[in-house]
$ cat target22.pdb   # PDB, C-alpha atoms and all ligand atoms
ATOM      1  CA  MET A   1      -0.285  -7.659  -5.880
ATOM      2  CA  THR A   2      -2.463  -8.688  -8.812
ATOM      3  CA  ASP A   3       0.425  -8.521 -11.229
ATOM      4  CA  GLU A   4       1.724 -12.048 -11.069
ATOM      5  CA  THR A   5       4.316 -11.945 -13.796
ATOM      6  CA  HIS A   6       7.231 -12.009 -11.357
ATOM      7  CA  VAL A   7       5.871 -14.706  -9.126
ATOM      8  CA  LEU A   8       7.933 -17.871  -9.122
ATOM      9  CA  ASP A   9       6.370 -21.334  -8.790
ATOM     10  CA  CYS A  10       8.270 -22.288  -5.679
ATOM     11  CA  PRO A  11      10.451 -20.584  -3.085
ATOM     12  CA  ALA A  12      13.836 -19.434  -4.371
ATOM     13  CA  GLU A  13      16.891 -21.518  -3.557
ATOM     14  CA  GLY A  14      17.863 -21.026   0.065
ATOM     15  CA  ALA A  15      14.400 -19.725   1.018
ATOM     16  CA  SER A  16      12.109 -21.384   3.585
ATOM     17  CA  PRO A  17       8.830 -23.096   2.644
ATOM     18  CA  ASP A  18       7.038 -19.875   3.620
ATOM     19  CA  TRP A  19       9.155 -18.066   1.003
ATOM     20  CA  THR A  20      11.023 -15.906   3.503
ATOM     21  CA  ILE A  21      14.766 -15.434   3.307
ATOM     22  CA  PRO A  22      17.218 -13.944   5.772
ATOM     23  CA  GLN A  23      17.455 -10.189   5.179
ATOM     24  CA  ASP A  24      21.236 -10.536   5.484
ATOM     25  CA  TRP A  25      21.570  -6.895   6.464
ATOM     26  CA  SER A  26      25.381  -6.946   6.273
ATOM     27  CA  HIS A  27      25.274  -7.618   2.516
ATOM     28  CA  TYR A  28      24.030  -4.117   1.657
ATOM     29  CA  THR A  29      26.725  -1.947   0.095
ATOM     30  CA  PRO A  30      27.379   1.675   1.128
ATOM     31  CA  GLY A  31      25.858   2.669  -2.216
ATOM     32  CA  GLU A  32      22.637   0.814  -1.374
ATOM     33  CA  HIS A  33      22.388   2.463   2.032
ATOM     34  CA  ALA A  34      22.958   5.793   0.300
ATOM     35  CA  VAL A  35      19.969   5.165  -1.999
ATOM     36  CA  TRP A  36      17.792   4.637   1.083
ATOM     37  CA  ASP A  37      19.119   7.844   2.675
ATOM     38  CA  THR A  38      18.482   9.879  -0.488
ATOM     39  CA  LEU A  39      14.933   8.586  -0.784
ATOM     40  CA  PHE A  40      14.305   8.987   2.930
ATOM     41  CA  ASP A  41      15.481  12.608   3.090
ATOM     42  CA  ARG A  42      13.430  13.581   0.080
ATOM     43  CA  GLN A  43      10.204  12.102   1.490
ATOM     44  CA  ALA A  44      10.844  13.177   5.077
ATOM     45  CA  LYS A  45      10.929  16.811   3.903
ATOM     46  CA  LEU A  46       7.780  16.449   1.848
ATOM     47  CA  LEU A  47       5.484  14.487   4.129
ATOM     48  CA  PRO A  48       4.799  16.682   7.181
ATOM     49  CA  GLY A  49       1.462  18.331   6.427
ATOM     50  CA  ARG A  50       0.755  15.762   3.699
ATOM     51  CA  ALA A  51       0.936  12.349   5.337
ATOM     52  CA  SER A  52      -1.608  11.258   7.925
ATOM     53  CA  GLU A  53      -0.915  11.723  11.585
ATOM     54  CA  ALA A  54      -0.833   7.934  12.052
ATOM     55  CA  TYR A  55       1.806   7.541   9.365
ATOM     56  CA  LEU A  56       4.043  10.316  10.705
ATOM     57  CA  ARG A  57       3.756   8.962  14.224
ATOM     58  CA  GLY A  58       4.808   5.507  12.980
ATOM     59  CA  LEU A  59       7.807   6.921  11.155
ATOM     60  CA  ASP A  60       8.851   8.583  14.381
ATOM     61  CA  VAL A  61       8.269   5.808  16.909
ATOM     62  CA  LEU A  62       9.948   3.214  14.705
ATOM     63  CA  LYS A  63      13.022   5.446  14.409
ATOM     64  CA  LEU A  64      13.152   4.987  10.671
ATOM     65  CA  SER A  65      15.164   8.175  10.347
ATOM     66  CA  LYS A  66      18.275   6.310  11.473
ATOM     67  CA  PRO A  67      20.606   6.349   8.424
ATOM     68  CA  GLY A  68      20.762   3.330   6.135
ATOM     69  CA  ILE A  69      18.407   0.516   5.188
ATOM     70  CA  PRO A  70      16.681  -0.649   8.379
ATOM     71  CA  ASP A  71      17.655  -3.953   9.935
ATOM     72  CA  PHE A  72      14.436  -6.014   9.975
ATOM     73  CA  GLU A  73      15.299  -7.686  13.265
ATOM     74  CA  GLU A  74      15.676  -4.400  15.058
ATOM     75  CA  LEU A  75      12.603  -2.984  13.341
ATOM     76  CA  SER A  76      10.519  -6.058  14.156
ATOM     77  CA  GLU A  77      11.453  -5.806  17.789
ATOM     78  CA  ARG A  78      10.108  -2.255  17.992
ATOM     79  CA  LEU A  79       7.030  -3.076  15.966
ATOM     80  CA  MET A  80       6.343  -6.230  17.959
ATOM     81  CA  GLY A  81       6.296  -4.172  21.144
ATOM     82  CA  LEU A  82       3.794  -1.734  19.647
ATOM     83  CA  THR A  83       1.314  -3.856  17.690
ATOM     84  CA  GLY A  84       2.636  -7.418  17.510
ATOM     85  CA  TRP A  85       3.656  -7.187  13.837
ATOM     86  CA  GLN A  86       6.984  -8.358  12.418
ATOM     87  CA  VAL A  87       8.784  -7.617   9.170
ATOM     88  CA  VAL A  88      10.131 -10.610   7.231
ATOM     89  CA  ALA A  89      12.225 -10.574   4.062
ATOM     90  CA  VAL A  90      11.261 -12.118   0.722
ATOM     91  CA  PRO A  91      13.144 -12.014  -2.585
ATOM     92  CA  GLY A  92      10.249 -10.410  -4.503
ATOM     93  CA  LEU A  93       6.535 -11.000  -4.982
ATOM     94  CA  VAL A  94       5.138 -14.173  -3.420
ATOM     95  CA  PRO A  95       1.957 -16.150  -4.246
ATOM     96  CA  ASP A  96      -1.283 -14.760  -2.855
ATOM     97  CA  ASP A  97      -1.983 -17.613  -0.431
ATOM     98  CA  VAL A  98       1.524 -17.318   1.041
ATOM     99  CA  LEU A  99       1.130 -13.558   1.375
ATOM    100  CA  PHE A 100      -2.249 -13.840   3.109
ATOM    101  CA  ASP A 101      -0.962 -16.431   5.533
ATOM    102  CA  HIS A 102       1.817 -14.076   6.593
ATOM    103  CA  MET A 103      -0.568 -11.136   6.954
ATOM    104  CA  ALA A 104      -3.142 -13.090   8.922
ATOM    105  CA  ASN A 105      -0.312 -13.892  11.357
ATOM    106  CA  ARG A 106       0.959 -10.318  11.566
ATOM    107  CA  ARG A 107       4.045 -10.866   9.462
ATOM    108  CA  PHE A 108       4.634  -8.167   6.891
ATOM    109  CA  VAL A 109       6.624  -9.430   3.911
ATOM    110  CA  ALA A 110       9.113  -6.930   2.548
ATOM    111  CA  GLY A 111      11.389  -7.124  -0.478
ATOM    112  CA  ASN A 112      14.993  -7.073   0.710
ATOM    113  CA  PHE A 113      16.496  -5.478  -2.402
ATOM    114  CA  ILE A 114      16.714  -1.739  -3.031
ATOM    115  CA  ARG A 115      16.261   0.114  -6.318
ATOM    116  CA  ARG A 116      19.285   1.350  -8.261
ATOM    117  CA  PRO A 117      20.299   5.018  -8.103
ATOM    118  CA  ASP A 118      18.848   5.522 -11.612
ATOM    119  CA  GLN A 119      15.450   4.200 -10.465
ATOM    120  CA  LEU A 120      14.719   6.658  -7.651
ATOM    121  CA  ASP A 121      11.394   7.750  -9.103
ATOM    122  CA  TYR A 122       9.902   4.665 -10.602
ATOM    123  CA  LEU A 123      10.079   0.957 -10.040
ATOM    124  CA  GLN A 124       7.720  -1.817 -11.112
ATOM    125  CA  GLU A 125       8.392  -4.188  -8.224
ATOM    126  CA  PRO A 126       8.138  -3.209  -4.567
ATOM    127  CA  ASP A 127      11.603  -2.820  -3.042
ATOM    128  CA  VAL A 128      12.654  -2.323   0.575
ATOM    129  CA  PHE A 129      12.038   1.420   0.385
ATOM    130  CA  HIS A 130       8.449   1.051  -0.757
ATOM    131  CA  ASP A 131       7.761  -1.818   1.611
ATOM    132  CA  VAL A 132       9.436  -0.484   4.723
ATOM    133  CA  PHE A 133       9.185   3.293   4.376
ATOM    134  CA  GLY A 134       5.771   3.058   2.712
ATOM    135  CA  HIS A 135       4.016   0.343   4.688
ATOM    136  CA  VAL A 136       5.670  -0.293   8.024
ATOM    137  CA  PRO A 137       4.910   3.053   9.745
ATOM    138  CA  MET A 138       1.173   2.362   9.345
ATOM    139  CA  LEU A 139       1.655  -0.981  11.091
ATOM    140  CA  ALA A 140       2.656   0.895  14.239
ATOM    141  CA  ASP A 141      -0.937   2.162  14.405
ATOM    142  CA  PRO A 142      -3.034  -0.304  16.445
ATOM    143  CA  VAL A 143      -6.168   0.138  14.347
ATOM    144  CA  PHE A 144      -4.433  -0.124  11.006
ATOM    145  CA  ALA A 145      -2.473  -3.106  12.325
ATOM    146  CA  ASP A 146      -5.769  -4.868  13.020
ATOM    147  CA  TYR A 147      -7.102  -3.916   9.606
ATOM    148  CA  LEU A 148      -4.176  -5.506   7.779
ATOM    149  CA  GLU A 149      -4.385  -8.687   9.804
ATOM    150  CA  ALA A 150      -8.115  -8.927   9.058
ATOM    151  CA  TYR A 151      -7.349  -8.267   5.406
ATOM    152  CA  GLY A 152      -5.041 -11.303   5.396
ATOM    153  CA  ARG A 153      -7.870 -13.507   6.601
ATOM    154  CA  GLY A 154     -10.229 -11.839   4.155
ATOM    155  CA  GLY A 155      -7.742 -12.653   1.412
ATOM    156  CA  GLN A 156      -7.777 -16.343   2.248
ATOM    157  CA  ARG A 157     -11.549 -16.267   2.060
ATOM    158  CA  ALA A 158     -11.612 -14.282  -1.177
ATOM    159  CA  LEU A 159      -9.339 -16.895  -2.763
ATOM    160  CA  GLU A 160     -11.827 -19.610  -1.844
ATOM    161  CA  LEU A 161     -14.709 -17.539  -3.185
ATOM    162  CA  GLY A 162     -12.918 -16.643  -6.418
ATOM    163  CA  ALA A 163     -13.246 -12.967  -5.526
ATOM    164  CA  LEU A 164      -9.635 -11.887  -5.164
ATOM    165  CA  LYS A 165      -9.903  -9.381  -8.000
ATOM    166  CA  HIS A 166     -12.489  -7.469  -5.988
ATOM    167  CA  LEU A 167     -10.770  -7.675  -2.629
ATOM    168  CA  ALA A 168      -7.456  -6.638  -4.191
ATOM    169  CA  ARG A 169      -9.098  -3.368  -5.246
ATOM    170  CA  LEU A 170      -9.892  -2.649  -1.615
ATOM    171  CA  TYR A 171      -6.208  -3.125  -0.816
ATOM    172  CA  TRP A 172      -5.218  -0.933  -3.715
ATOM    173  CA  TYR A 173      -7.502   1.968  -2.838
ATOM    174  CA  THR A 174      -6.803   1.853   0.902
ATOM    175  CA  VAL A 175      -3.454   0.302   1.858
ATOM    176  CA  GLU A 176      -1.656   1.455  -1.295
ATOM    177  CA  PHE A 177      -3.418   4.644  -2.445
ATOM    178  CA  GLY A 178      -5.723   5.707   0.362
ATOM    179  CA  LEU A 179      -6.439   9.255   1.515
ATOM    180  CA  ILE A 180      -7.953  10.219   4.864
ATOM    181  CA  ALA A 181      -9.963  13.307   5.823
ATOM    182  CA  GLN A 182      -8.283  14.796   8.892
ATOM    183  CA  PRO A 183      -9.772  17.880  10.588
ATOM    184  CA  GLU A 184      -7.053  20.037   8.960
ATOM    185  CA  GLY A 185      -7.652  18.604   5.503
ATOM    186  CA  LEU A 186      -6.925  15.618   3.269
ATOM    187  CA  ARG A 187      -3.897  13.545   4.125
ATOM    188  CA  ILE A 188      -2.139  10.582   2.541
ATOM    189  CA  TYR A 189      -1.874   7.196   4.217
ATOM    190  CA  GLY A 190      -1.477   4.884   1.191
ATOM    191  CA  SER A 191       1.990   3.370   0.927
ATOM    192  CA  GLY A 192       2.203   3.741  -2.830
ATOM    193  CA  ILE A 193       1.753   7.480  -2.379
ATOM    194  CA  VAL A 194       3.906   8.163   0.688
ATOM    195  CA  SER A 195       6.838   6.326  -0.897
ATOM    196  CA  SER A 196       6.575   8.325  -4.150
ATOM    197  CA  PHE A 197       8.087  11.797  -4.477
ATOM    198  CA  ALA A 198       5.835  12.775  -7.377
ATOM    199  CA  GLU A 199       2.598  11.127  -6.321
ATOM    200  CA  SER A 200       2.720  12.476  -2.772
ATOM    201  CA  ARG A 201       2.191  15.892  -4.337
ATOM    202  CA  PHE A 202      -0.072  14.807  -7.199
ATOM    203  CA  ALA A 203      -2.507  12.906  -4.960
ATOM    204  CA  LEU A 204      -3.256  15.974  -2.837
ATOM    205  CA  ASP A 205      -2.520  19.012  -5.005
ATOM    206  CA  ASP A 206      -3.167  18.153  -8.631
ATOM    207  CA  PRO A 207      -6.548  19.126 -10.129
ATOM    208  CA  SER A 208      -6.515  16.065 -12.368
ATOM    209  CA  PRO A 209      -7.688  13.078 -10.252
ATOM    210  CA  ASN A 210     -11.115  12.528  -8.689
ATOM    211  CA  ARG A 211     -11.222  12.367  -4.906
ATOM    212  CA  ILE A 212     -14.284  10.420  -3.840
ATOM    213  CA  ALA A 213     -15.656   9.464  -0.421
ATOM    214  CA  PHE A 214     -14.841   5.833   0.339
ATOM    215  CA  ASP A 215     -17.623   3.361  -0.338
ATOM    216  CA  LEU A 216     -16.810  -0.322   0.062
ATOM    217  CA  LYS A 217     -18.842  -1.776  -2.803
ATOM    218  CA  ARG A 218     -17.941   1.067  -5.129
ATOM    219  CA  VAL A 219     -14.240   0.595  -4.451
ATOM    220  CA  MET A 220     -14.394  -3.161  -5.034
ATOM    221  CA  ARG A 221     -15.950  -2.528  -8.444
ATOM    222  CA  THR A 222     -13.358   0.003  -9.550
ATOM    223  CA  GLU A 223     -10.505  -0.809 -11.891
ATOM    224  CA  TYR A 224      -7.061   0.649 -11.226
ATOM    225  CA  ARG A 225      -3.818   1.350 -12.988
ATOM    226  CA  ILE A 226      -0.533  -0.021 -11.741
ATOM    227  CA  ASP A 227       1.762   1.891 -14.093
ATOM    228  CA  ASP A 228       0.930   5.549 -13.487
ATOM    229  CA  PHE A 229      -0.603   8.045 -11.064
ATOM    230  CA  GLN A 230      -4.131   7.144 -10.000
ATOM    231  CA  GLN A 231      -7.113   8.849 -11.600
ATOM    232  CA  ASN A 232      -9.298   8.212  -8.537
ATOM    233  CA  TYR A 233      -8.449   8.414  -4.871
ATOM    234  CA  PHE A 234     -10.906   7.267  -2.223
ATOM    235  CA  VAL A 235     -11.118   9.137   1.061
ATOM    236  CA  ILE A 236     -11.883   7.484   4.397
ATOM    237  CA  GLN A 237     -13.086   9.387   7.468
ATOM    238  CA  SER A 238     -11.053   7.426   9.997
ATOM    239  CA  PHE A 239      -9.184   4.153  10.402
ATOM    240  CA  ASP A 240     -11.751   3.118  13.003
ATOM    241  CA  ASP A 241     -14.508   3.454  10.411
ATOM    242  CA  LEU A 242     -12.514   1.469   7.872
ATOM    243  CA  LEU A 243     -11.753  -1.307  10.321
ATOM    244  CA  ARG A 244     -15.271  -1.540  11.681
ATOM    245  CA  LEU A 245     -16.884  -1.579   8.258
ATOM    246  CA  THR A 246     -14.596  -4.224   6.775
ATOM    247  CA  VAL A 247     -14.478  -6.500   9.806
ATOM    248  CA  GLU A 248     -18.193  -6.366  10.530
ATOM    249  CA  THR A 249     -19.318  -6.890   6.948
ATOM    250  CA  ASP A 250     -19.623 -10.377   5.507
ATOM    251  CA  PHE A 251     -18.081  -9.952   2.070
ATOM    252  CA  ALA A 252     -19.562 -13.110   0.514
ATOM    253  CA  PRO A 253     -22.888 -11.520  -0.467
ATOM    254  CA  LEU A 254     -21.073  -8.347  -1.555
ATOM    255  CA  TYR A 255     -18.841 -10.331  -3.887
ATOM    256  CA  ALA A 256     -21.899 -12.071  -5.364
ATOM    257  CA  GLU A 257     -23.608  -8.744  -5.943
ATOM    258  CA  ILE A 258     -20.533  -7.090  -7.431
ATOM    259  CA  MET A 259     -19.762  -9.996  -9.743
ATOM    260  CA  ALA A 260     -23.155  -9.500 -11.358
ATOM    261  CA  GLN A 261     -22.354  -5.844 -12.062
ATOM    262  CA  PRO A 262     -19.963  -4.323 -14.580
ATOM    263  CA  ASP A 263     -16.569  -3.091 -13.402
ATOM    264  CA  VAL A 264     -16.247   0.674 -13.083
ATOM    265  CA  PRO A 265     -13.549   2.123 -15.357
ATOM    266  CA  VAL A 266     -10.954   4.403 -13.746
ATOM    267  CA  ALA A 267     -11.966   8.069 -13.680
ATOM    268  CA  GLU A 268     -15.669   7.336 -14.066
ATOM    269  CA  ILE A 269     -18.000   9.073 -11.609
ATOM    270  CA  LEU A 270     -21.118   7.147 -10.574
ATOM    271  CA  PRO A 271     -24.494   8.700  -9.647
ATOM    272  CA  GLY A 272     -24.214   7.718  -5.957
ATOM    273  CA  ASP A 273     -20.655   9.024  -5.496
ATOM    274  CA  VAL A 274     -19.890  11.652  -2.898
ATOM    275  CA  VAL A 275     -17.359  13.586  -4.929
ATOM    276  CA  LEU A 276     -14.929  15.725  -2.947
ATOM    277  CA  THR A 277     -12.949  16.840  -5.991
ATOM    278  CA  HIS A 278     -14.224  16.314  -9.489
ATOM    279  CA  GLY A 279     -10.950  15.847 -11.365
ATOM    280  CA  THR A 280     -10.159  17.514 -14.664
ATOM    281  CA  GLN A 281      -8.358  14.326 -15.798
ATOM    282  CA  ASP A 282      -5.949  16.659 -17.610
ATOM    283  CA  TYR A 283      -2.960  14.613 -16.531
ATOM    284  CA  ALA A 284      -4.341  11.357 -17.980
ATOM    285  CA  ARG A 285      -5.543  13.109 -21.130
ATOM    286  CA  GLY A 286      -2.162  14.742 -21.645
ATOM    287  CA  LYS A 287      -0.496  11.361 -21.404
ATOM    288  CA  ALA A 288      -2.884   9.757 -23.871
ATOM    289  CA  ALA A 289      -2.287  12.560 -26.387
ATOM    290  CA  ARG A 290       1.482  12.166 -26.245
TER     291      ARG A 290
HETATM  292  N1  LIG B   1     -15.054  -9.191   6.510
HETATM  293  C1  LIG B   1     -14.396  -9.638   5.322
HETATM  294  C2  LIG B   1     -15.036 -10.947   4.786
HETATM  295  O1  LIG B   1     -16.079 -11.339   5.219
HETATM  296  C3  LIG B   1     -12.902  -9.834   5.561
HETATM  297  C4  LIG B   1     -12.100  -8.570   5.567
HETATM  298  C5  LIG B   1     -11.777  -7.920   6.755
HETATM  299  C6  LIG B   1     -11.633  -8.035   4.387
HETATM  300  C7  LIG B   1     -11.021  -6.759   6.732
HETATM  301  C8  LIG B   1     -10.857  -6.891   4.363
HETATM  302  C9  LIG B   1     -10.550  -6.254   5.544
HETATM  303  O2  LIG B   1     -14.517 -11.553   3.889
HETATM  304 FE    FE B   2       2.871  -1.951  -1.417
END

$ encode --input "target22.pdb" --output "structure tokens" --more "lines below"
Ligand code: PHE
Ligand code: FE
Amino acid sequence: MTDETHVLDCPAEGASPDWTIPQDWSHYTPGEHAVWDTLFDRQAKLLPGRASEAYLRGLDVLKLSKPGIPDFEELSERLMGLTGWQVVAVPGLVPDDVLFDHMANRRFVAGNFIRRPDQLDYLQEPDVFHDVFGHVPMLADPVFADYLEAYGRGGQRALELGALKHLARLYWYTVEFGLIAQPEGLRIYGSGIVSSFAESRFALDDPSPNRIAFDLKRVMRTEYRIDDFQQNYFVIQSFDDLLRLTVETDFAPLYAEIMAQPDVPVAEILPGDVVLTHGTQDYARGKAAR
């Protein structure tokens, strides 16, 4: 969401002023539905025991296992009944203020295109699989649903305060790449992980990345990479904790404090960190050497 290279200056032709477009479900080809099914089956096998309880429950109650790319109208109806969220289609990335307005009003914007069969493992822009399979199940959780709505309002405020860079890191390390400590062990809830075949194993099993207890200020100071596996994951204790902390904290003084401090490079461990796994960073080093 900080990579703005694909953002247009105005809504695409045929789009509304809020940048949404009709999903036009009937335009998907059998080949496109097949890409969804392939991706779905692969993740559905991998995620029990890895994804958080909240995520798996969402996948189930929203009936996302039905074959083919989900119809947003049908999906929104289910979701609306559970938490009051809707899913609306957009052609690609939208400007930050537009995005935050949708979120603050419980509308989740999802790309309506799907990756090509030769792009199953990696894609730069979020497609319907990442957006719907990755994000929407978490929106069926009442607490997480509140968190994302509050984040939308927080985003509008961060824009005014010139602090979006910092708030976006919170999104990155929770909504996209968050881990949660369940009684049985670490679980994934971040959408960028649950929608990735490789990272849903790497994030939990690989000795390379650091896994650090979530700390709000620390997270908002930490850089991230958008083009590879993460070198840090931050672990929350519960969604209730995350919601309470972010909603009850006034971020304005935090932003001021953080802006006066240097950013923390990825993979760096700070003195105050509660480190759950001190990563070897072998994966990142191996890449750099190649
Ligand atoms: N409380 C934050 C603020 O004062 C807003 C926020 C809420 C941000 C929830 C993220 C998540 O700006
Ligand atoms: Fe995403």

$ residues_near_ligand --input "target22.pdb" --ligand "ligand LIG 1 (chain B)" --cutoff "8 Å" --atoms "all atoms listed in the file" --output "list in words"
Tyr147, Leu148, Glu149, Ala150, Tyr151, Gly152, Arg153, Gly154, Gly155, Arg157, Ala158, Leu167, Leu170, Tyr171, Leu243, Leu245, Thr246, Val247, Glu248, Thr249, Asp250, Phe251 and Ala252 of chain A

$ closest_atom_pairs --input "target22.pdb" --of "chain A" --to "ligand FE 2 (chain B)" --cutoff "7 Å" --atoms "all atoms listed in the file" --output "Markdown table"
| residue | atom | partner | partner_atom | distance |
| --- | --- | --- | --- | --- |
| A:Pro126 | CA | B:FE2 | FE | 6.3 |
| A:His130 | CA | B:FE2 | FE | 6.4 |
| A:Asp131 | CA | B:FE2 | FE | 5.8 |
| A:His135 | CA | B:FE2 | FE | 6.6 |
| A:Glu176 | CA | B:FE2 | FE | 5.7 |
| A:Ser191 | CA | B:FE2 | FE | 5.9 |
| A:Gly192 | CA | B:FE2 | FE | 5.9 |

$ residues_around --input "target22.pdb" --residues "stretch 261-271 of chain A" --least-positions-apart "4" --cutoff "6 Å" --atoms "only C-alpha atoms" --output "compact mmCIF listing (two decimals) with C-alpha atoms, in the frame of the given file"
# COMPACT_ATOMS: atom_id res chain seq x y z
CA ARG A 221 -15.95 -2.53 -8.44
CA THR A 222 -13.36 0.00 -9.55
CA GLU A 223 -10.50 -0.81 -11.89
CA TYR A 224 -7.06 0.65 -11.23
CA GLN A 231 -7.11 8.85 -11.60
CA ASN A 232 -9.30 8.21 -8.54

$ closest_residue --input "target22.pdb" --among "A:Pro142, A:Pro17, A:Pro253, A:Pro137" --to "A:Val94" --atoms "all atoms listed in the file"
A:Pro17

$ resolve_selection --input "target22.pdb" --expression "the PyMOL selection byres (((chain A and resi 48) around 12) and not hetatm)" --output "JSON, numbers by chain"
{"A": [42, 43, 44, 45, 46, 47, 49, 50, 51, 52, 53, 54, 55, 56, 57, 59, 60, 187, 188, 189, 194, 200, 201]}

$ resolve_selection --input "target22.pdb" --expression "the PyMOL selection byres (((chain A and resi 32) around 9) and not hetatm)" --output "PyMOL selection string"
chain A and resi 28-31+33-37+68-69+113-117

$ resolve_selection --input "target22.pdb" --expression "the PyMOL selection byres (((chain A and resi 101-104) around 12) and not hetatm)" --output "PyMOL selection string"
chain A and resi 18-20+84-90+94-100+105-110+139+145-157+159

$ atom_distance --input "target22.pdb" --atom1 "atom CA of A:Gly58" --atom2 "atom CA of A:Met80"
12.8 Å

$ residues_around --input "target22.pdb" --residues "A:Gln230" --least-positions-apart "6" --cutoff "12 Å" --atoms "all atoms listed in the file" --output "PyMOL selection string"
chain A and resi 172-173+176-179+190+192-193+198-200+202-204+206+208-211+222-224+265-267+279+281+283-284

$ axis_aligned_box --input "target22.pdb" --around "stretch 187-193 of chain A" --padding-each-side "6 Å" --output "lines of an AutoDock Vina configuration file"
center_x = -0.8
center_y = 8.5
center_z = 0.7
size_x = 18.1
size_y = 22.2
size_z = 19.0

$ atom_distance --input "target22.pdb" --atom1 "atom CA of A:Gln237" --atom2 "atom CA of A:Gly272"
17.5 Å

$ build_atoms --input "target22.pdb" --residues "stretch 142-147 of chain A" --atoms "all heavy atoms" --output "short mmCIF file (atom, residue, chain, number, x, y, z; two decimals), keeping the file's coordinate frame"
data_model
loop_
_atom_site.label_atom_id
_atom_site.label_comp_id
_atom_site.auth_asym_id
_atom_site.auth_seq_id
_atom_site.Cartn_x
_atom_site.Cartn_y
_atom_site.Cartn_z
N PRO A 142 -2.30 0.90 16.01
CA PRO A 142 -3.03 -0.30 16.44
C PRO A 142 -4.26 -0.63 15.58
O PRO A 142 -4.54 -1.80 15.32
CB PRO A 142 -3.47 0.04 17.87
CG PRO A 142 -2.59 1.15 18.31
CD PRO A 142 -2.13 1.88 17.08
N VAL A 143 -4.96 0.39 15.14
CA VAL A 143 -6.17 0.14 14.35
C VAL A 143 -5.81 -0.35 12.95
O VAL A 143 -6.36 -1.34 12.45
CB VAL A 143 -7.05 1.41 14.27
CG1 VAL A 143 -8.27 1.17 13.40
CG2 VAL A 143 -7.46 1.85 15.67
N PHE A 144 -4.85 0.30 12.34
CA PHE A 144 -4.43 -0.12 11.01
C PHE A 144 -3.80 -1.52 11.06
O PHE A 144 -3.97 -2.33 10.15
CB PHE A 144 -3.46 0.89 10.39
CG PHE A 144 -3.40 0.78 8.90
CD1 PHE A 144 -4.35 1.41 8.10
CD2 PHE A 144 -2.40 0.03 8.29
CE1 PHE A 144 -4.31 1.29 6.72
CE2 PHE A 144 -2.36 -0.10 6.90
CZ PHE A 144 -3.32 0.54 6.12
N ALA A 145 -3.09 -1.78 12.13
CA ALA A 145 -2.47 -3.11 12.32
C ALA A 145 -3.54 -4.19 12.34
O ALA A 145 -3.38 -5.25 11.73
CB ALA A 145 -1.67 -3.11 13.63
N ASP A 146 -4.66 -3.91 12.99
CA ASP A 146 -5.77 -4.87 13.02
C ASP A 146 -6.40 -5.01 11.64
O ASP A 146 -6.81 -6.10 11.24
CB ASP A 146 -6.86 -4.41 14.01
CG ASP A 146 -6.46 -4.63 15.46
OD1 ASP A 146 -5.39 -5.24 15.71
OD2 ASP A 146 -7.21 -4.18 16.35
N TYR A 147 -6.51 -3.90 10.95
CA TYR A 147 -7.10 -3.92 9.61
C TYR A 147 -6.31 -4.83 8.68
O TYR A 147 -6.86 -5.66 7.97
CB TYR A 147 -7.14 -2.48 9.05
CG TYR A 147 -7.58 -2.39 7.60
CD1 TYR A 147 -8.86 -2.80 7.20
CD2 TYR A 147 -6.72 -1.89 6.62
CE1 TYR A 147 -9.26 -2.71 5.87
CE2 TYR A 147 -7.12 -1.79 5.31
CZ TYR A 147 -8.39 -2.21 4.93
OH TYR A 147 -8.78 -2.12 3.61
#
